[in-house]
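Colleague: I am sharing protein.txt, which consists of compact mmCIF, C-alpha atoms:
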```txt
# COMPACT_ATOMS: atom_id res chain seq x y z
CA MET A 1 0.00 0.00 0.00
CA LYS A 2 2.81 2.42 0.92
CA PHE A 3 4.49 1.53 -2.37
CA ARG A 4 1.37 2.57 -4.35
CA ILE A 5 1.10 5.88 -2.50
CA LEU A 6 4.80 6.55 -3.01
CA LEU A 7 4.52 5.61 -6.70
CA SER A 8 1.47 7.91 -7.13
CA LEU A 9 3.28 10.82 -5.50
CA LEU A 10 6.36 10.23 -7.61
CA LEU A 11 4.29 10.09 -10.79
CA ALA A 12 2.45 13.33 -9.90
CA ALA A 13 5.74 15.09 -9.14
CA THR A 14 7.23 13.91 -12.43
CA ILE A 15 4.26 15.14 -14.45
CA LEU A 16 4.31 18.54 -12.75
CA ALA A 17 8.08 18.87 -13.15
CA CYS A 18 7.83 18.27 -16.91
CA SER A 19 5.66 21.33 -17.43
CA ASP A 20 7.45 23.68 -19.83
CA ASP A 21 5.90 27.11 -20.33
CA ASP A 22 8.02 27.68 -23.46
CA ASN A 23 6.16 24.87 -25.21
CA GLN A 24 2.75 26.29 -24.37
CA VAL A 25 0.83 28.20 -27.04
CA ARG A 26 0.12 31.67 -25.71
CA GLN A 27 -3.57 32.40 -26.00
CA PRO A 28 -4.69 35.88 -27.03
CA SER A 29 -5.62 37.99 -24.06
CA PRO A 30 -8.24 40.75 -24.33
CA GLU A 31 -6.55 42.51 -21.42
CA ASP A 32 -3.16 42.95 -23.08
CA GLY A 33 -4.29 43.03 -26.75
CA ARG A 34 -1.73 40.40 -27.78
CA GLU A 35 -2.51 38.11 -30.64
CA THR A 36 -1.18 34.59 -30.96
CA LEU A 37 0.71 34.50 -34.23
CA VAL A 38 0.98 31.13 -35.89
CA PRO A 39 4.14 29.87 -37.59
CA PHE A 40 4.43 30.74 -41.24
CA SER A 41 5.79 28.92 -44.27
CA PHE A 42 6.23 29.54 -47.98
CA THR A 43 4.16 27.67 -50.55
CA ILE A 44 5.68 27.19 -53.99
CA SER A 45 4.02 25.79 -57.08
CA VAL A 46 6.23 24.80 -60.00
CA VAL A 47 4.55 24.87 -63.40
CA ASN A 48 5.46 24.70 -67.09
CA GLN A 49 4.59 27.38 -69.68
CA GLU A 50 1.07 25.93 -70.00
CA GLY A 51 0.47 26.17 -66.26
CA LYS A 52 0.66 22.39 -65.62
CA SER A 53 2.30 21.33 -62.37
CA LEU A 54 5.79 19.94 -62.75
CA LEU A 55 5.67 18.36 -59.29
CA ASP A 56 2.94 15.86 -60.07
CA GLY A 57 3.95 12.27 -60.80
CA LEU A 58 3.10 12.40 -64.50
CA ASN A 59 5.30 15.42 -65.18
CA PRO A 60 9.03 15.55 -65.84
CA LEU A 61 10.46 17.36 -62.80
CA ASN A 62 11.87 14.85 -60.29
CA ALA A 63 11.11 16.34 -56.86
CA SER A 64 13.77 14.20 -55.18
CA GLU A 65 16.40 16.19 -57.11
CA ILE A 66 15.25 19.53 -55.68
CA SER A 67 17.04 20.87 -52.62
CA MET A 68 17.03 23.95 -50.45
CA GLN A 69 20.01 25.75 -48.96
CA TYR A 70 19.40 27.76 -45.80
CA ARG A 71 21.98 29.07 -43.32
CA GLY A 72 24.73 26.82 -44.69
CA ARG A 73 22.68 23.65 -44.59
CA THR A 74 21.17 21.69 -47.50
CA TYR A 75 17.68 20.25 -47.09
CA PRO A 76 16.36 17.53 -49.40
CA VAL A 77 12.67 17.36 -50.27
CA LEU A 78 10.66 15.35 -47.75
CA ASP A 79 7.34 13.79 -48.70
CA LEU A 80 5.05 15.47 -46.18
CA SER A 81 2.31 12.90 -46.73
CA THR A 82 4.51 10.42 -44.86
CA TYR A 83 6.39 12.88 -42.62
CA HIS A 84 5.81 12.60 -38.89
CA THR A 85 7.31 15.00 -36.40
CA ALA A 86 9.42 13.51 -33.64
CA GLU A 87 7.88 13.41 -30.19
CA GLY A 88 8.01 16.88 -28.71
CA GLU A 89 8.85 18.56 -32.01
CA LYS A 90 6.31 21.27 -32.69
CA ARG A 91 6.93 22.00 -36.34
CA PHE A 92 8.35 20.83 -39.62
CA TYR A 93 11.52 22.68 -40.62
CA GLY A 94 12.92 22.38 -44.11
CA LEU A 95 11.60 21.62 -47.58
CA GLY A 96 8.59 19.42 -48.15
CA LEU A 97 6.32 18.21 -50.94
CA TYR A 98 2.59 17.80 -50.35
CA PHE A 99 -0.65 17.52 -52.29
CA ASP A 100 -2.89 20.57 -51.98
CA ARG A 101 -6.56 19.70 -52.43
CA ARG A 102 -7.62 23.30 -53.07
CA SER A 103 -5.36 23.69 -56.11
CA ASN A 104 -5.45 19.96 -56.95
CA MET A 105 -1.68 19.90 -57.39
CA HIS A 106 1.53 19.10 -55.55
CA LEU A 107 3.27 22.05 -53.90
CA LEU A 108 6.54 22.67 -52.11
CA MET A 109 6.47 24.00 -48.58
CA VAL A 110 9.44 25.81 -47.06
CA GLY A 111 9.38 26.54 -43.35
CA GLU A 112 8.05 26.85 -40.76
CA TRP A 113 9.21 30.02 -39.06
CA ASP A 114 8.05 31.22 -35.66
CA GLY A 115 5.40 33.94 -36.10
CA GLU A 116 6.48 35.72 -32.94
CA LYS A 117 10.13 36.30 -33.88
CA THR A 118 11.87 38.80 -36.12
CA TYR A 119 13.80 37.76 -39.25
CA THR A 120 15.88 40.26 -41.21
CA ASN A 121 16.99 39.55 -44.78
CA GLU A 122 16.72 35.80 -44.37
CA THR A 123 17.59 33.98 -47.58
CA PHE A 124 16.97 30.47 -48.82
CA THR A 125 17.78 29.06 -52.24
CA LEU A 126 16.00 26.33 -54.16
CA SER A 127 18.23 24.31 -56.49
CA TRP A 128 16.53 22.59 -59.42
CA PRO A 129 17.47 19.40 -61.32
CA ASP A 130 18.48 21.46 -64.39
CA GLY A 131 21.14 23.28 -62.33
CA SER A 132 19.23 26.56 -62.05
CA GLN A 133 18.44 28.24 -58.74
CA ASP A 134 15.83 30.59 -57.33
CA VAL A 135 16.68 32.82 -54.38
CA PHE A 136 14.00 33.80 -51.87
CA ARG A 137 14.62 36.61 -49.41
CA PHE A 138 12.32 37.86 -46.68
CA SER A 139 12.10 40.05 -43.64
CA TYR A 140 9.47 39.58 -40.98
CA ALA A 141 9.27 41.88 -37.98
CA TYR A 142 7.03 41.15 -35.03
CA ARG A 143 6.61 43.48 -32.12
CA TYR A 144 4.12 44.15 -29.41
CA LEU A 145 3.26 47.80 -28.84
CA GLU A 146 2.73 47.90 -25.09
CA GLU A 147 1.25 51.41 -24.88
CA GLU A 148 -1.22 50.74 -27.71
CA LYS A 149 -1.90 47.17 -26.56
CA ARG A 150 -1.59 45.74 -30.06
CA THR A 151 0.64 43.53 -32.15
CA GLU A 152 2.38 44.86 -35.23
CA VAL A 153 3.83 42.71 -38.02
CA SER A 154 5.67 44.03 -41.05
CA THR A 155 6.87 41.83 -43.91
CA SER A 156 8.73 41.96 -47.19
CA TYR A 157 9.27 39.11 -49.64
CA PHE A 158 11.48 38.81 -52.72
CA LEU A 159 12.04 36.18 -55.39
CA ASN A 160 15.32 36.63 -57.31
CA ASP A 161 15.48 40.23 -55.98
CA GLU A 162 12.01 41.08 -57.34
CA PRO A 163 9.42 42.18 -54.73
CA HIS A 164 6.63 39.69 -54.14
CA ASP A 165 3.31 39.91 -52.29
CA GLY A 166 2.67 37.20 -49.75
CA LEU A 167 3.93 33.71 -49.01
CA ASP A 168 2.58 31.90 -52.11
CA PHE A 169 4.95 31.71 -55.07
CA THR A 170 4.74 30.22 -58.56
CA ILE A 171 7.91 29.26 -60.42
CA THR A 172 7.61 28.70 -64.17
CA LYS A 173 10.15 26.29 -65.64
```
Can you dump the structure from the file as structure tokens?
Modeller:
Amino acid sequence: MKFRILLSLLLAATILACSDDDNQVRQPSPEDGRETLVPFSFTISVVNQEGKSLLDGLNPLNASEISMQYRGRTYPVLDLSTYHTAEGEKRFYGLGLYFDRRSNMHLLMVGEWDGEKTYTNETFTLSWPDGSQDVFRFSYAYRYLEEEKRTEVSTSYFLNDEPHDGLDFTITK
């Protein structure tokens, strides 16, 4: 009996000790005006001159030969339909291929980045099987304005040094 009580107390202490506030999603609070900003990622469709997806199985571009370079590291394409995050890992980081039901085509996803951090002139490069490359650059600034009790986010996105609106890109090959 004493063993069961001791075991129960030990289990309760272990569960409480494993609480990690950094892994908790901060809920928006009406009192402080803060919004919870979700992680963000880039979505990239790759099409031919006729607008047909080059990432679908019947088309010529071999997705396994695409890679991404970011901060000195090379990321291969992962098939996100079979990708599972490791226990405790909150997000996917890197380059992934998935089927998008809205567009009815395969897309590349690059990311994810924390929506509550600031990124200045971050650059990642996609390398294609034909040897060509596309360079993506972005800045994302998050800040909470304490006096105004509101969150402010400013962004800028570029593809091959050309300004771009938003996180969805189309590359024509």
Colleague: I want to know what sits within 6 Å of Thr172 (chain A), based on only C-alpha atoms, with residues of the same chain fewer than 5 positions away left out; could you give that as a VMD selection string?
Modeller: chain A and resid 46 to 48
Colleague: Find the spatial neighbours of Ser64 (chain A), counting all atoms listed in the file, within a cut-off of 8 Å - ignore same-chain residues fewer than 3 positions away - and output them as a PDB file with C-alpha atoms, keeping the file's coordinate frame.
Modeller:
```pdb
ATOM      1  CA  SER A  67      17.040  20.870 -52.620  1.00  0.00           C
ATOM      2  CA  PRO A  76      16.360  17.530 -49.400  1.00  0.00           C
ATOM      3  CA  VAL A  77      12.670  17.360 -50.270  1.00  0.00           C
TER       4      VAL A  77
END
```
Colleague: Give the answer as one residue: which of A:Pro39, A:Leu95, A:Phe169, A:Gln49 has the shortest atom-to-atom distance to Ser127 (chain A), using only C-alpha atoms?
Modeller: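 Among A:Pro39, A:Leu95, A:Phe169, A:Gln49, it is A:Leu95 that comes nearest to Ser127 (chain A).
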Colleague: To one decimal in Å, tell me the separation between CA of Ser81 (chain A) and CA of Arg101 (chain A).
Modeller: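 Separation between CA of Ser81 (chain A) and CA of Arg101 (chain A): 12.5 Å.
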Colleague: Quick one: residues within 12 Å of Asn160 (chain A), only C-alpha atoms, excluding same-chain residues fewer than 2 positions away - as a PDB file with C-alpha atoms, in the frame of the given file?
Modeller:
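The file below, out15.pdb, is the result:
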```pdb
ATOM      1  CA  THR A 123      17.590  33.980 -47.580  1.00  0.00           C
ATOM      2  CA  PHE A 124      16.970  30.470 -48.820  1.00  0.00           C
ATOM      3  CA  THR A 125      17.780  29.060 -52.240  1.00  0.00           C
ATOM      4  CA  LEU A 126      16.000  26.330 -54.160  1.00  0.00           C
ATOM      5  CA  SER A 132      19.230  26.560 -62.050  1.00  0.00           C
ATOM      6  CA  GLN A 133      18.440  28.240 -58.740  1.00  0.00           C
ATOM      7  CA  ASP A 134      15.830  30.590 -57.330  1.00  0.00           C
ATOM      8  CA  VAL A 135      16.680  32.820 -54.380  1.00  0.00           C
ATOM      9  CA  PHE A 136      14.000  33.800 -51.870  1.00  0.00           C
ATOM     10  CA  ARG A 137      14.620  36.610 -49.410  1.00  0.00           C
ATOM     11  CA  PHE A 138      12.320  37.860 -46.680  1.00  0.00           C
ATOM     12  CA  TYR A 157       9.270  39.110 -49.640  1.00  0.00           C
ATOM     13  CA  PHE A 158      11.480  38.810 -52.720  1.00  0.00           C
ATOM     14  CA  GLU A 162      12.010  41.080 -57.340  1.00  0.00           C
ATOM     15  CA  PRO A 163       9.420  42.180 -54.730  1.00  0.00           C
ATOM     16  CA  HIS A 164       6.630  39.690 -54.140  1.00  0.00           C
ATOM     17  CA  PHE A 169       4.950  31.710 -55.070  1.00  0.00           C
ATOM     18  CA  ILE A 171       7.910  29.260 -60.420  1.00  0.00           C
TER      19      ILE A 171
END
```
Colleague: Go through A:Leu167, A:Leu80, A:Val38, A:Leu97 and flag the residue nearest Gly57 (chain A), using all atoms listed in the file for the distances.
Modeller: A:Leu97
Colleague: To one decimal in Å, tell me the separation between CA of Met109 (chain A) and CA of Tyr142 (chain A).
Modeller: 21.9 Å
Colleague: Can you tell me which residues surround Ser139 (chain A) at a distance of at most 6 Å, considering all atoms listed in the file, apart from same-chain residues fewer than 3 positions away, and format the answer as a count of residues only?
Modeller: 5
Colleague: Could you tell me how far CA of Asp100 (chain A) sits from CA of Asp168 (chain A), in Å to one decimal place?
Modeller: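 Pair CA of Asp168 (chain A) / CA of Asp100 (chain A) returns 12.6 Å.
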Colleague: Smallest atom-to-atom distance to Gln69 (chain A): which of A:Asp56, A:Arg143, A:Gly94, A:His106, using all atoms listed in the file?
Modeller: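 Ranking A:Asp56, A:Arg143, A:Gly94, A:His106 by distance to Gln69 (chain A), first place goes to A:Gly94.
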